[in-house]
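Below is the file run.cif, which contains mmCIF, C-alpha atoms.
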data_upload
loop_
_atom_site.label_atom_id
_atom_site.label_comp_id
_atom_site.auth_asym_id
_atom_site.auth_seq_id
_atom_site.Cartn_x
_atom_site.Cartn_y
_atom_site.Cartn_z
CA MET A 986 41.92 -22.32 61.91
CA HIS A 987 39.64 -25.31 62.38
CA GLY A 988 36.94 -22.97 63.72
CA SER A 989 37.15 -20.63 60.76
CA LEU A 990 37.01 -23.53 58.33
CA ARG A 991 33.89 -24.75 60.08
CA VAL A 992 32.31 -21.31 59.80
CA LEU A 993 33.20 -21.15 56.15
CA LEU A 994 31.69 -24.57 55.52
CA GLN A 995 28.53 -23.62 57.40
CA VAL A 996 28.24 -20.47 55.38
CA LEU A 997 28.71 -22.32 52.12
CA TRP A 998 26.20 -24.96 53.17
CA ALA A 999 23.68 -22.23 54.10
CA GLN A 1000 24.20 -20.67 50.73
CA LEU A 1001 23.58 -23.99 49.02
CA LEU A 1002 20.40 -24.45 51.01
CA CYS A 1003 19.14 -21.08 49.88
CA GLY A 1004 19.35 -22.51 46.40
CA TRP A 1005 21.20 -20.59 43.81
CA VAL A 1006 18.50 -19.32 41.85
CA LEU A 1007 18.18 -17.87 38.66
CA GLY A 1008 15.55 -17.62 36.07
CA SER A 1009 16.47 -16.61 32.56
CA GLU A 1010 13.96 -15.61 30.00
CA LEU A 1011 15.24 -14.71 26.54
CA THR A 1012 13.89 -14.26 23.03
CA PHE A 1013 16.37 -14.72 20.22
CA GLU A 1014 16.40 -15.20 16.49
CA LEU A 1015 17.46 -18.57 15.12
CA PRO A 1016 18.56 -18.34 11.49
CA ASP A 1017 17.90 -21.21 9.08
CA ASN A 1018 20.20 -24.23 9.39
CA ALA A 1019 21.43 -22.95 12.72
CA LYS A 1020 21.65 -24.35 16.18
CA GLN A 1021 21.89 -22.32 19.35
CA CYS A 1022 22.92 -23.83 22.68
CA PHE A 1023 22.72 -22.44 26.18
CA TYR A 1024 24.47 -23.78 29.25
CA GLU A 1025 23.82 -23.44 32.94
CA ASP A 1026 25.58 -24.76 36.01
CA ILE A 1027 23.06 -26.41 38.29
CA ILE A 1028 23.42 -27.87 41.74
CA MET A 1029 22.08 -31.34 42.42
CA GLY A 1030 18.53 -31.47 43.76
CA THR A 1031 17.33 -28.20 42.25
CA LYS A 1032 14.00 -28.29 40.52
CA CYS A 1033 14.25 -26.72 37.08
CA THR A 1034 11.75 -25.90 34.38
CA LEU A 1035 12.44 -25.25 30.72
CA GLU A 1036 9.64 -23.70 28.71
CA PHE A 1037 9.93 -22.59 25.10
CA GLN A 1038 7.69 -21.20 22.39
CA VAL A 1039 8.32 -20.35 18.77
CA VAL A 1040 7.10 -16.82 18.16
CA THR A 1041 7.54 -16.22 14.43
CA GLY A 1042 8.78 -18.07 11.40
CA GLY A 1043 7.73 -20.80 9.00
CA HIS A 1044 5.60 -23.51 10.55
CA TYR A 1045 6.38 -22.22 14.04
CA ASP A 1046 8.33 -25.32 15.05
CA VAL A 1047 11.81 -25.96 16.38
CA ASP A 1048 13.84 -28.94 17.65
CA CYS A 1049 14.77 -28.81 21.31
CA ARG A 1050 17.17 -30.96 23.27
CA LEU A 1051 18.22 -30.88 26.93
CA GLU A 1052 21.31 -32.75 28.14
CA ASP A 1053 22.73 -33.33 31.59
CA PRO A 1054 26.47 -32.94 32.46
CA ASP A 1055 27.25 -36.50 31.29
CA GLY A 1056 25.64 -35.96 27.91
CA THR A 1057 22.53 -38.04 28.62
CA THR A 1058 19.53 -36.60 26.86
CA LEU A 1059 16.85 -35.66 29.35
CA TYR A 1060 14.44 -34.18 26.85
CA LYS A 1061 14.37 -34.32 23.09
CA GLU A 1062 11.54 -33.18 20.84
CA MET A 1063 11.52 -32.50 17.13
CA LYS A 1064 9.47 -29.80 15.47
CA LYS A 1065 7.62 -28.66 18.53
CA GLN A 1066 5.78 -25.36 18.69
CA TYR A 1067 5.50 -25.01 22.45
CA ASP A 1068 6.46 -27.17 25.39
CA SER A 1069 7.27 -27.12 29.07
CA PHE A 1070 9.60 -29.59 30.76
CA THR A 1071 10.26 -29.88 34.51
CA PHE A 1072 13.08 -31.92 35.97
CA THR A 1073 15.09 -32.21 39.16
CA ALA A 1074 18.83 -32.04 38.66
CA ALA A 1075 20.28 -35.41 39.55
CA LYS A 1076 23.91 -34.32 39.24
CA ASN A 1077 25.99 -31.24 39.80
CA GLY A 1078 27.35 -29.73 36.66
CA THR A 1079 26.66 -27.94 33.44
CA TYR A 1080 23.35 -28.66 31.82
CA LYS A 1081 22.99 -27.82 28.15
CA PHE A 1082 19.91 -27.14 26.08
CA CYS A 1083 19.88 -26.52 22.36
CA PHE A 1084 17.39 -25.22 19.85
CA SER A 1085 17.87 -26.33 16.28
CA ASN A 1086 16.46 -24.96 13.06
CA GLU A 1087 18.59 -27.23 10.91
CA PHE A 1088 15.61 -28.80 9.18
CA SER A 1089 14.55 -25.50 7.71
CA THR A 1090 16.06 -24.18 4.50
CA PHE A 1091 15.11 -20.56 4.49
CA THR A 1092 12.96 -19.50 7.39
CA HIS A 1093 14.33 -17.67 10.41
CA LYS A 1094 12.59 -18.47 13.60
CA THR A 1095 12.21 -16.35 16.70
CA VAL A 1096 12.28 -18.54 19.80
CA TYR A 1097 11.33 -17.56 23.34
CA PHE A 1098 12.49 -19.67 26.26
CA ASP A 1099 12.21 -19.44 30.02
CA PHE A 1100 14.61 -21.51 32.10
CA GLN A 1101 13.78 -21.42 35.79
CA VAL A 1102 16.32 -22.88 38.17
CA GLY A 1103 15.25 -23.30 41.77
CA ASP A 1104 12.93 -20.89 43.51
CA ASP A 1105 12.92 -17.14 43.41
CA PRO A 1106 15.49 -15.32 45.50
CA PRO A 1107 14.09 -14.22 48.86
CA LEU A 1108 13.22 -10.58 49.25
CA PHE A 1109 15.57 -10.11 52.16
CA PRO A 1110 19.04 -11.48 52.61
CA ASN A 1111 18.16 -12.89 56.01
CA GLU A 1112 15.00 -14.55 54.84
CA ASN A 1113 15.79 -17.94 56.34
CA ARG A 1114 14.49 -17.03 59.76
CA VAL A 1115 13.20 -19.35 62.37
CA THR A 1116 9.89 -17.66 63.27
CA ALA A 1117 6.82 -18.25 61.11
CA LEU A 1118 5.40 -15.57 58.88
CA THR A 1119 2.59 -13.41 60.23
CA GLN A 1120 -0.80 -13.52 58.56
CA MET A 1121 -0.14 -10.28 56.72
CA GLU A 1122 3.15 -11.59 55.46
CA SER A 1123 1.74 -14.90 54.29
CA ALA A 1124 -1.09 -13.01 52.56
CA CYS A 1125 1.56 -10.94 50.80
CA VAL A 1126 3.42 -14.08 49.79
CA SER A 1127 0.30 -15.66 48.31
CA ILE A 1128 -0.60 -12.48 46.45
CA HIS A 1129 2.96 -12.37 45.13
CA GLU A 1130 2.69 -15.94 43.84
CA ALA A 1131 -0.67 -15.21 42.22
CA LEU A 1132 0.69 -12.09 40.53
CA LYS A 1133 3.66 -14.08 39.29
CA SER A 1134 1.32 -16.50 37.60
CA VAL A 1135 -0.66 -13.57 36.13
CA ILE A 1136 2.55 -12.18 34.66
CA ASP A 1137 3.37 -15.64 33.31
CA TYR A 1138 -0.03 -15.92 31.61
CA GLN A 1139 0.39 -12.43 30.22
CA THR A 1140 3.72 -13.42 28.70
CA HIS A 1141 2.18 -16.44 27.01
CA PHE A 1142 -0.71 -14.36 25.77
CA ARG A 1143 1.68 -11.75 24.40
CA LEU A 1144 3.64 -14.44 22.55
CA ARG A 1145 0.52 -15.94 20.99
CA GLU A 1146 -0.68 -12.51 20.01
CA ALA A 1147 2.71 -11.74 18.46
CA GLN A 1148 2.43 -14.96 16.48
CA GLY A 1149 -1.07 -14.10 15.26
CA ARG A 1150 -0.08 -10.57 14.43
CA SER A 1151 3.01 -11.58 12.47
CA ARG A 1152 0.90 -13.97 10.39
CA ALA A 1153 -1.68 -11.25 9.77
CA GLU A 1154 0.99 -8.79 8.68
CA ASP A 1155 2.54 -11.39 6.39
CA LEU A 1156 -0.86 -12.08 4.90
CA ASN A 1157 -1.44 -8.39 4.34
CA THR A 1158 1.78 -7.87 2.38
CA ARG A 1159 1.32 -11.11 0.47
CA VAL A 1160 -2.20 -10.14 -0.63
CA ALA A 1161 -0.89 -6.81 -1.93
CA PHE A 1162 2.03 -8.29 -3.87
CA TRP A 1163 0.17 -11.21 -5.33
CA SER A 1164 -2.76 -9.06 -6.45
CA ILE A 1165 -0.49 -6.61 -8.24
CA GLY A 1166 1.49 -9.52 -9.67
CA GLU A 1167 -1.61 -11.26 -10.92
CA ALA A 1168 -2.97 -8.12 -12.55
CA ILE A 1169 0.31 -7.63 -14.40
CA ILE A 1170 0.45 -11.29 -15.45
CA LEU A 1171 -3.12 -11.04 -16.70
CA LEU A 1172 -2.33 -8.04 -18.88
CA VAL A 1173 0.90 -9.53 -20.21
CA VAL A 1174 -0.69 -12.90 -21.05
CA SER A 1175 -3.71 -11.44 -22.81
CA ILE A 1176 -1.67 -9.01 -24.90
CA SER A 1177 0.79 -11.72 -25.90
CA GLN A 1178 -2.10 -14.03 -26.80
CA VAL A 1179 -3.41 -11.45 -29.23
CA VAL A 1180 0.03 -10.77 -30.68
CA LEU A 1181 0.72 -14.50 -31.12
CA LEU A 1182 -2.63 -15.09 -32.80
CA ARG A 1183 -1.98 -12.23 -35.16
CA SER A 1184 1.41 -13.66 -36.02
CA PHE A 1185 -0.14 -17.04 -36.92
CA PHE A 1186 -2.47 -15.43 -39.40
CA SER A 1187 0.22 -13.25 -40.92
CA ASP A 1188 2.46 -16.28 -41.69
CA LYS A 1189 -0.40 -18.30 -43.11
CA LYS A 1190 -1.27 -15.46 -45.51
CA THR A 1191 2.27 -15.42 -46.97
CA THR A 1192 2.31 -19.18 -47.46
CA THR A 1193 -1.13 -19.18 -49.13
CA THR A 1194 -0.05 -16.49 -51.59
CA ARG A 1195 3.09 -18.46 -52.41
CA VAL A 1196 1.12 -21.66 -52.97
CA GLY A 1197 -1.43 -19.77 -55.07
CA SER A 1198 1.13 -18.34 -57.51
CA MET B 355 24.79 -9.00 47.62
CA LEU B 356 25.07 -10.72 50.97
CA SER B 357 25.26 -8.72 54.16
CA LEU B 358 27.29 -9.69 57.16
CA SER B 359 24.16 -10.39 59.19
CA SER B 360 22.89 -12.95 56.72
CA VAL B 361 26.05 -14.94 56.72
CA CYS B 362 26.76 -14.73 60.44
CA PRO B 363 23.30 -14.77 62.08
CA GLY B 364 22.67 -12.16 64.78
CA ARG B 365 22.46 -14.43 67.78
CA LYS B 366 25.81 -15.98 67.15
CA MET B 367 27.53 -12.65 66.59
CA ALA B 368 28.70 -12.32 70.21
CA SER B 369 30.23 -15.78 70.40
CA LEU B 370 31.87 -15.34 67.07
CA ARG B 371 33.39 -11.99 67.89
CA ILE B 372 36.73 -13.69 68.39
CA ARG B 373 36.28 -15.47 65.10
CA MET B 374 35.23 -12.27 63.30
CA GLN B 375 38.22 -12.35 60.98
CA PRO B 376 37.53 -15.72 59.36
CA CYS B 377 33.81 -14.93 59.24
CA LEU B 378 34.56 -11.71 57.46
CA PHE B 379 36.90 -13.57 55.16
CA SER B 380 34.20 -16.07 54.25
CA VAL B 381 31.73 -13.25 53.62
CA LEU B 382 34.21 -11.53 51.40
CA LEU B 383 34.91 -14.79 49.60
CA LEU B 384 31.22 -15.36 49.03
CA ASN B 385 30.73 -11.81 47.88
CA VAL B 386 33.52 -12.25 45.41
CA LEU B 387 31.93 -15.46 44.16
CA CYS B 388 28.47 -13.90 44.13
CA SER B 389 29.50 -10.81 42.25
CA PHE B 390 30.16 -13.00 39.26
CA VAL B 391 27.11 -13.33 37.08
CA SER B 392 26.54 -17.03 37.33
CA ALA B 393 23.62 -17.09 34.96
CA LEU B 394 22.98 -18.79 31.69
CA TYR B 395 25.86 -18.72 29.22
CA PHE B 396 26.40 -19.33 25.52
CA HIS B 397 29.25 -19.24 23.06
CA ILE B 398 29.85 -16.53 20.54
CA GLY B 399 32.33 -16.40 17.67
CA GLU B 400 34.77 -13.60 17.01
CA THR B 401 32.76 -11.50 14.60
CA GLU B 402 29.41 -12.93 15.51
CA LYS B 403 26.67 -10.64 16.70
CA LYS B 404 24.07 -12.10 19.01
CA CYS B 405 20.77 -10.34 19.30
CA PHE B 406 18.00 -10.76 21.81
CA ILE B 407 14.52 -9.37 21.48
CA GLU B 408 12.56 -7.92 24.36
CA GLU B 409 8.98 -6.97 23.72
CA ILE B 410 8.14 -4.51 26.46
CA PRO B 411 5.64 -1.77 27.28
CA ASP B 412 6.86 1.81 27.60
CA GLU B 413 8.60 3.23 30.69
CA THR B 414 10.00 -0.18 31.57
CA MET B 415 13.54 -0.49 32.85
CA ILE B 416 15.82 -3.24 31.64
CA ILE B 417 19.08 -4.18 33.32
CA GLY B 418 21.48 -6.53 31.58
CA ASN B 419 24.51 -8.09 33.25
CA TYR B 420 27.10 -9.97 31.29
CA ARG B 421 30.50 -11.54 31.88
CA THR B 422 32.84 -12.95 29.26
CA GLN B 423 35.45 -15.67 29.38
CA LEU B 424 37.98 -16.52 26.75
CA TYR B 425 39.02 -20.05 25.91
CA ASP B 426 42.69 -20.68 26.60
CA LYS B 427 43.93 -23.29 24.13
CA GLN B 428 47.04 -24.22 26.11
CA ARG B 429 45.22 -24.93 29.30
CA GLU B 430 42.10 -26.07 27.44
CA GLU B 431 39.76 -24.25 29.72
CA TYR B 432 38.04 -20.94 30.04
CA LEU B 433 40.00 -18.22 31.81
CA PRO B 434 38.12 -16.56 34.65
CA ALA B 435 38.67 -13.01 33.43
CA THR B 436 40.52 -11.54 30.52
CA GLN B 437 41.98 -8.08 30.33
CA GLY B 438 41.37 -6.02 27.26
CA LEU B 439 38.39 -8.04 26.12
CA GLY B 440 35.37 -5.88 25.52
CA MET B 441 31.83 -6.25 24.36
CA PHE B 442 29.95 -3.80 22.28
CA VAL B 443 26.33 -3.45 23.32
CA GLU B 444 23.76 -1.90 21.00
CA VAL B 445 20.10 -1.46 21.82
CA LYS B 446 17.53 -0.52 19.20
CA ASP B 447 13.99 0.59 19.87
CA PRO B 448 10.92 -0.58 17.88
CA ASP B 449 11.45 2.19 15.31
CA ASP B 450 15.00 0.92 14.68
CA LYS B 451 16.53 3.92 16.36
CA VAL B 452 19.62 3.20 18.44
CA ILE B 453 19.03 4.10 22.07
CA LEU B 454 22.18 2.64 23.58
CA SER B 455 25.45 2.01 21.84
CA ARG B 456 28.41 1.56 24.10
CA GLN B 457 31.45 -0.50 24.62
CA TYR B 458 31.94 -2.16 27.96
CA GLY B 459 34.78 -4.21 29.41
CA SER B 460 34.92 -7.96 29.75
CA GLU B 461 32.32 -7.72 32.49
CA GLY B 462 29.60 -5.13 32.35
CA ARG B 463 26.16 -3.98 33.15
CA PHE B 464 23.91 -1.96 30.86
CA THR B 465 20.62 -0.26 31.71
CA PHE B 466 18.01 1.43 29.63
CA THR B 467 14.38 2.49 29.92
CA SER B 468 11.99 2.07 27.03
CA HIS B 469 10.11 5.13 25.84
CA THR B 470 8.05 3.45 23.14
CA PRO B 471 6.26 0.15 23.60
CA GLY B 472 7.36 -2.63 21.31
CA GLU B 473 10.18 -4.92 20.32
CA HIS B 474 13.54 -3.74 21.49
CA GLN B 475 16.61 -5.47 20.16
CA ILE B 476 19.68 -5.94 22.34
CA CYS B 477 22.76 -6.90 20.32
CA LEU B 478 26.14 -7.96 21.65
CA HIS B 479 29.35 -8.47 19.78
CA SER B 480 32.95 -8.50 20.86
CA ASN B 481 35.50 -5.90 19.86
CA SER B 482 38.03 -8.47 18.95
CA SER B 483 40.57 -6.15 17.39
CA LYS B 484 43.24 -7.32 19.78
CA PHE B 485 42.94 -10.98 19.66
CA SER B 486 45.39 -13.49 18.43
CA LEU B 487 44.22 -15.88 21.11
CA PHE B 488 40.80 -15.68 19.71
CA ALA B 489 41.66 -17.26 16.38
CA GLY B 490 39.24 -20.11 15.90
CA GLY B 491 38.16 -19.87 19.49
CA MET B 492 34.90 -19.13 21.08
CA LEU B 493 34.03 -16.61 23.69
CA ARG B 494 31.82 -17.68 26.55
CA VAL B 495 29.28 -15.02 27.48
CA HIS B 496 27.25 -15.19 30.68
CA LEU B 497 24.13 -13.10 30.30
CA ASP B 498 21.30 -12.09 32.54
CA ILE B 499 18.57 -9.67 31.46
CA GLN B 500 16.10 -8.40 34.05
CA VAL B 501 12.93 -6.69 32.92
CA GLY B 502 10.60 -4.35 34.79
CA GLU B 503 9.87 -5.38 38.34
CA HIS B 504 12.67 -7.99 38.40
CA ALA B 505 15.15 -5.19 37.77
CA ASN B 506 14.39 -3.59 41.14
CA ASN B 507 16.91 -4.04 43.87
CA TYR B 508 14.72 -4.43 46.92
CA ALA B 509 17.54 -4.37 49.42
CA GLU B 510 18.52 -0.96 48.12
CA ILE B 511 14.93 0.31 48.15
CA ALA B 512 14.45 -0.91 51.72
CA ALA B 513 17.63 0.81 52.84
CA LYS B 514 16.87 4.07 51.04
CA ASP B 515 13.24 4.47 52.11
CA LYS B 516 13.74 2.70 55.45
CA LEU B 517 10.94 0.22 54.95
CA THR B 518 9.97 -2.57 57.29
CA GLU B 519 9.64 -6.08 55.94
CA LEU B 520 5.90 -5.83 55.48
CA GLN B 521 6.20 -2.47 53.76
CA LEU B 522 8.80 -3.89 51.41
CA ARG B 523 6.59 -6.82 50.53
CA VAL B 524 3.69 -4.50 49.79
CA ARG B 525 6.01 -2.36 47.72
CA GLN B 526 6.98 -5.42 45.69
CA LEU B 527 3.31 -6.21 45.12
CA VAL B 528 2.68 -2.63 44.00
CA GLU B 529 5.56 -2.86 41.50
CA GLN B 530 4.24 -6.14 40.16
CA VAL B 531 0.74 -4.78 39.72
CA ASP B 532 2.21 -1.75 37.97
CA GLN B 533 4.00 -4.01 35.56
CA ILE B 534 0.80 -5.97 34.89
CA GLN B 535 -1.08 -2.76 34.24
CA LYS B 536 1.55 -1.50 31.79
CA GLU B 537 1.51 -4.81 29.97
CA GLN B 538 -2.30 -4.70 29.71
CA ASN B 539 -2.12 -1.23 28.26
CA TYR B 540 0.45 -2.37 25.75
CA GLN B 541 -1.77 -5.32 24.93
CA ARG B 542 -4.62 -2.96 24.09
CA TYR B 543 -2.35 -1.00 21.75
CA ARG B 544 -1.14 -4.17 20.03
CA GLU B 545 -4.64 -5.50 19.62
CA GLU B 546 -5.57 -2.25 17.92
CA ARG B 547 -2.66 -2.65 15.49
CA PHE B 548 -3.68 -6.24 14.81
CA ARG B 549 -7.23 -5.16 14.11
CA GLN B 550 -6.01 -2.44 11.74
CA THR B 551 -3.86 -4.96 9.88
CA SER B 552 -6.78 -7.38 9.53
CA GLU B 553 -9.09 -4.66 8.30
CA SER B 554 -6.50 -3.50 5.79
CA THR B 555 -6.14 -7.08 4.50
CA ASN B 556 -9.90 -7.30 4.23
CA GLN B 557 -10.07 -4.07 2.22
CA ARG B 558 -7.21 -5.09 -0.01
CA VAL B 559 -8.75 -8.48 -0.81
CA LEU B 560 -12.06 -6.81 -1.66
CA TRP B 561 -10.65 -4.09 -3.89
CA TRP B 562 -8.15 -6.21 -5.71
CA SER B 563 -10.75 -8.87 -6.50
CA ILE B 564 -13.01 -6.20 -8.00
CA VAL B 565 -10.13 -4.64 -9.93
CA GLN B 566 -8.99 -8.00 -11.28
CA THR B 567 -12.47 -8.95 -12.39
CA LEU B 568 -12.81 -5.60 -14.19
CA ILE B 569 -9.43 -6.06 -15.86
CA LEU B 570 -10.44 -9.55 -16.97
CA VAL B 571 -13.71 -8.35 -18.47
CA ALA B 572 -12.08 -5.34 -20.14
CA ILE B 573 -9.28 -7.46 -21.58
CA GLY B 574 -11.80 -9.97 -22.90
CA ILE B 575 -13.82 -7.29 -24.64
CA TRP B 576 -10.70 -5.68 -26.09
CA GLN B 577 -9.37 -9.01 -27.36
CA MET B 578 -12.58 -9.87 -29.17
CA ARG B 579 -12.92 -6.42 -30.72
CA HIS B 580 -9.31 -6.32 -31.79
CA LEU B 581 -9.36 -9.78 -33.34
CA LYS B 582 -12.65 -9.09 -35.09
CA SER B 583 -11.27 -5.96 -36.69
CA PHE B 584 -8.06 -7.87 -37.53
CA PHE B 585 -9.92 -10.67 -39.26
CA GLU B 586 -12.16 -8.21 -41.06
CA ALA B 587 -9.06 -6.50 -42.33
CA LYS B 588 -7.64 -9.83 -43.48
CA LYS B 589 -10.96 -10.57 -45.19
CA LEU B 590 -11.34 -13.84 -43.30
CA VAL B 591 -14.66 -12.89 -41.68
#

In structure tokens, write the structure found in this file.
Amino acid sequence: MHGSLRVLLQVLWAQLLCGWVLGSELTFELPDNAKQCFYEDIIMGTKCTLEFQVVTGGHYDVDCRLEDPDGTTLYKEMKKQYDSFTFTAAKNGTYKFCFSNEFSTFTHKTVYFDFQVGDDPPLFPNENRVTALTQMESACVSIHEALKSVIDYQTHFRLREAQGRSRAEDLNTRVAFWSIGEAIILLVVSISQVVLLRSFFSDKKTTTTRVGS
Amino acid sequence: MLSLSSVCPGRKMASLRIRMQPCLFSVLLLNVLCSFVSALYFHIGETEKKCFIEEIPDETMIIGNYRTQLYDKQREEYLPATQGLGMFVEVKDPDDKVILSRQYGSEGRFTFTSHTPGEHQICLHSNSSKFSLFAGGMLRVHLDIQVGEHANNYAEIAAKDKLTELQLRVRQLVEQVDQIQKEQNYQRYREERFRQTSESTNQRVLWWSIVQTLILVAIGIWQMRHLKSFFEAKKLV
């Protein structure tokens, strides 16, 4: 019994050493006057990174706040367009991060965030081996890391491009509507000017005839 | 998923043969714990629909895992698993066509492959027709969405194609490069759309300015002529 408990503890300890890892990357829509919170259970000592970017909407800014299990604010920024925050979890527990669009009255925002907890999971289940990696394997590992950073840059580029493109499309529709609107206003104003002017002269004529007689 | 060899390392297997039972038990326990999606979670209301956007190139696979927990008011905590609770998952492609629309149980996994590049929308809402417990409560949803290369299960691929460690690593690199290439291709397509939008804006600004100037001049001429004839008729000019 004592032996099996020891094995179980060793296994659990090994699992903790591997680092429970997870990286979550999500894009969601935040309506106006809304707040969206996400929670994650983190083990003490894990290095975590929270990165967020506002993709579309208004002035492309959002409030972000990250709290540890005791409610202490680790990171708080108002009206930020893009930021990246790295921290090491000092306690075990549920960490909470919230995005708030409460300052905005009518613009929906689309927010992208990437919350990396710990390192990537190893390719093999028995990755924690004692022997060192061969040259080929370490070359593969470094290529893998480089490609990961390429994919990361691509994601950021895609988000910026989406931002630019959404502004351009907005501009396009706005130009069309406002031009048509202005043309109509122009016609309406000029016709009513003429009608009003005519009406002034018509009234004056009647009063002059009355005065005359 | 953990394998027996990872939890009880090879060398110690012989000495632990006698203790196989507890070792197996611990592996099973860990597997049970691991099979739970312990990812990010958020709260969702009863009729609330939560949507997530994934902008992906074509022929990309997406795997989503979710797990739900219901808040128990008496015990004031979240129950580990609830029977009868289901989530309705709906996926729309960039042309707003529904490509996946299914109901899953309280814990589920959905997969789809994109056929058009663009923004896909993944929406989740609960089918809360049966819930009295739910009144005023929130549902906790654990969600994990894996895109493209991350969706591959390398342990499975290694087992199926019988790859050595080095071959598996190279395979992973090949998949990553594939993903990068698809994304670059998609980027080219998006840049073209962006350029078309900008050129259309440019054209519109040009034409509408010309049209408005012409309208202004025409209106001015008409106004003067009309008023002149009006005043001549009134014998004021």

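Here atom CA of A:Trp1163 and atom CA of A:Arg1150 stand 19.8 Å from one another.
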
Problem set entry | Picked residues, the PyMOL selection byres ((chain A and resi 1016-1028) around 9), as JSON, numbers by chain | {"A": [1001, 1004, 1005, 1014, 1015, 1029, 1030, 1031, 1033, 1054, 1074, 1075, 1076, 1077, 1078, 1079, 1080, 1081, 1082, 1083, 1084, 1085, 1086, 1087, 1088, 1089, 1090, 1091, 1092, 1093, 1094, 1095, 1102], "B": [392, 393, 394, 395, 396, 397]}

Problem set entry | Selected residue, from B:Trp576, B:Tyr432, B:Phe585, B:Phe548, that lies nearest to chain A when counting only C-alpha atoms |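 Checking each candidate against chain A, we get B:Phe548 as the closest.
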
Where is the centre and how long are the edges: axis-aligned box on stretch 562-571 of chain B, 4 Å on each side, Å to one decimal, as JSON:
{"center_x": -10.9, "center_y": -7.1, "center_z": -12.1, "size_x": 13.6, "size_y": 12.9, "size_z": 20.8}

Exercise. If you measure from atom CA of B:Gly459 to atom CA of A:Phe1013, what distance in Å do you get, rounded to one decimal?
Worked result: 23.1 Å

Exercise. What gap, in Å, lies between atom CA of B:Arg558 and atom CA of A:Ala1161?
Worked result: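 About the pair atom CA of B:Arg558 and atom CA of A:Ala1161: they are 6.8 Å apart.
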
For this session: Apply the PyMOL selection byres ((chain A and resi 1096) around 6) to the structure shown and report the selected residues as a ChimeraX atom specification.
Result: /A:1012-1013,1038-1040,1095,1097

Exercise. For the file shown, what are the residues hit by the PyMOL selection byres ((chain B and resi 502) around 6), laid out as a ChimeraX atom specification?
Worked result: /B:414-415,501,503-505

Tell me, as an mmCIF file with C-alpha atoms, in the frame of the given file, which residues lie within 12 Å of B:Gln538, counting only C-alpha atoms; anything in the same chain fewer than 6 positions away does not count.
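Done, and the output landed in result02.cif:
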data_model
loop_
_atom_site.group_PDB
_atom_site.id
_atom_site.type_symbol
_atom_site.label_atom_id
_atom_site.label_comp_id
_atom_site.auth_asym_id
_atom_site.auth_seq_id
_atom_site.Cartn_x
_atom_site.Cartn_y
_atom_site.Cartn_z
ATOM 1 C CA VAL A 1135 -0.660 -13.570 36.130
ATOM 2 C CA ILE A 1136 2.550 -12.180 34.660
ATOM 3 C CA TYR A 1138 -0.030 -15.920 31.610
ATOM 4 C CA GLN A 1139 0.390 -12.430 30.220
ATOM 5 C CA THR A 1140 3.720 -13.420 28.700
ATOM 6 C CA PHE A 1142 -0.710 -14.360 25.770
ATOM 7 C CA ARG A 1143 1.680 -11.750 24.400
ATOM 8 C CA ILE B 410 8.140 -4.510 26.460
ATOM 9 C CA PRO B 411 5.640 -1.770 27.280
ATOM 10 C CA ASP B 412 6.860 1.810 27.600
ATOM 11 C CA PRO B 471 6.260 0.150 23.600
ATOM 12 C CA VAL B 531 0.740 -4.780 39.720
ATOM 13 C CA ASP B 532 2.210 -1.750 37.970
ATOM 14 C CA ARG B 544 -1.140 -4.170 20.030
ATOM 15 C CA GLU B 545 -4.640 -5.500 19.620
#

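Residue nearest chain A within the list B:His469, B:Lys589, B:Arg494, B:Arg523: B:Arg523 [criterion: smallest interatomic distance, all atoms listed in the file].
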
Please, can stretch 573-578 of chain B be completed to N, CA, C and O atoms and returned as a PDB file, keeping the file's coordinate frame?
ATOM      1  N   ILE B 573     -10.220  -6.805 -20.667  1.00  0.00           N
ATOM      2  CA  ILE B 573      -9.280  -7.460 -21.580  1.00  0.00           C
ATOM      3  C   ILE B 573     -10.023  -8.359 -22.565  1.00  0.00           C
ATOM      4  O   ILE B 573      -9.721  -8.397 -23.758  1.00  0.00           O
ATOM      5  N   GLY B 574     -11.035  -9.079 -22.036  1.00  0.00           N
ATOM      6  CA  GLY B 574     -11.800  -9.970 -22.900  1.00  0.00           C
ATOM      7  C   GLY B 574     -12.484  -9.201 -24.021  1.00  0.00           C
ATOM      8  O   GLY B 574     -12.401  -9.575 -25.200  1.00  0.00           O
ATOM      9  N   ILE B 575     -13.115  -8.107 -23.642  1.00  0.00           N
ATOM     10  CA  ILE B 575     -13.820  -7.290 -24.640  1.00  0.00           C
ATOM     11  C   ILE B 575     -12.820  -6.748 -25.656  1.00  0.00           C
ATOM     12  O   ILE B 575     -13.042  -6.821 -26.873  1.00  0.00           O
ATOM     13  N   TRP B 576     -11.701  -6.242 -25.185  1.00  0.00           N
ATOM     14  CA  TRP B 576     -10.700  -5.680 -26.090  1.00  0.00           C
ATOM     15  C   TRP B 576     -10.174  -6.737 -27.052  1.00  0.00           C
ATOM     16  O   TRP B 576     -10.015  -6.491 -28.254  1.00  0.00           O
ATOM     17  N   GLN B 577      -9.912  -7.934 -26.528  1.00  0.00           N
ATOM     18  CA  GLN B 577      -9.370  -9.010 -27.360  1.00  0.00           C
ATOM     19  C   GLN B 577     -10.335  -9.327 -28.499  1.00  0.00           C
ATOM     20  O   GLN B 577      -9.938  -9.395 -29.670  1.00  0.00           O
ATOM     21  N   MET B 578     -11.596  -9.518 -28.142  1.00  0.00           N
ATOM     22  CA  MET B 578     -12.580  -9.870 -29.170  1.00  0.00           C
ATOM     23  C   MET B 578     -12.703  -8.792 -30.224  1.00  0.00           C
ATOM     24  O   MET B 578     -12.701  -9.077 -31.420  1.00  0.00           O
TER      25      MET B 578
END
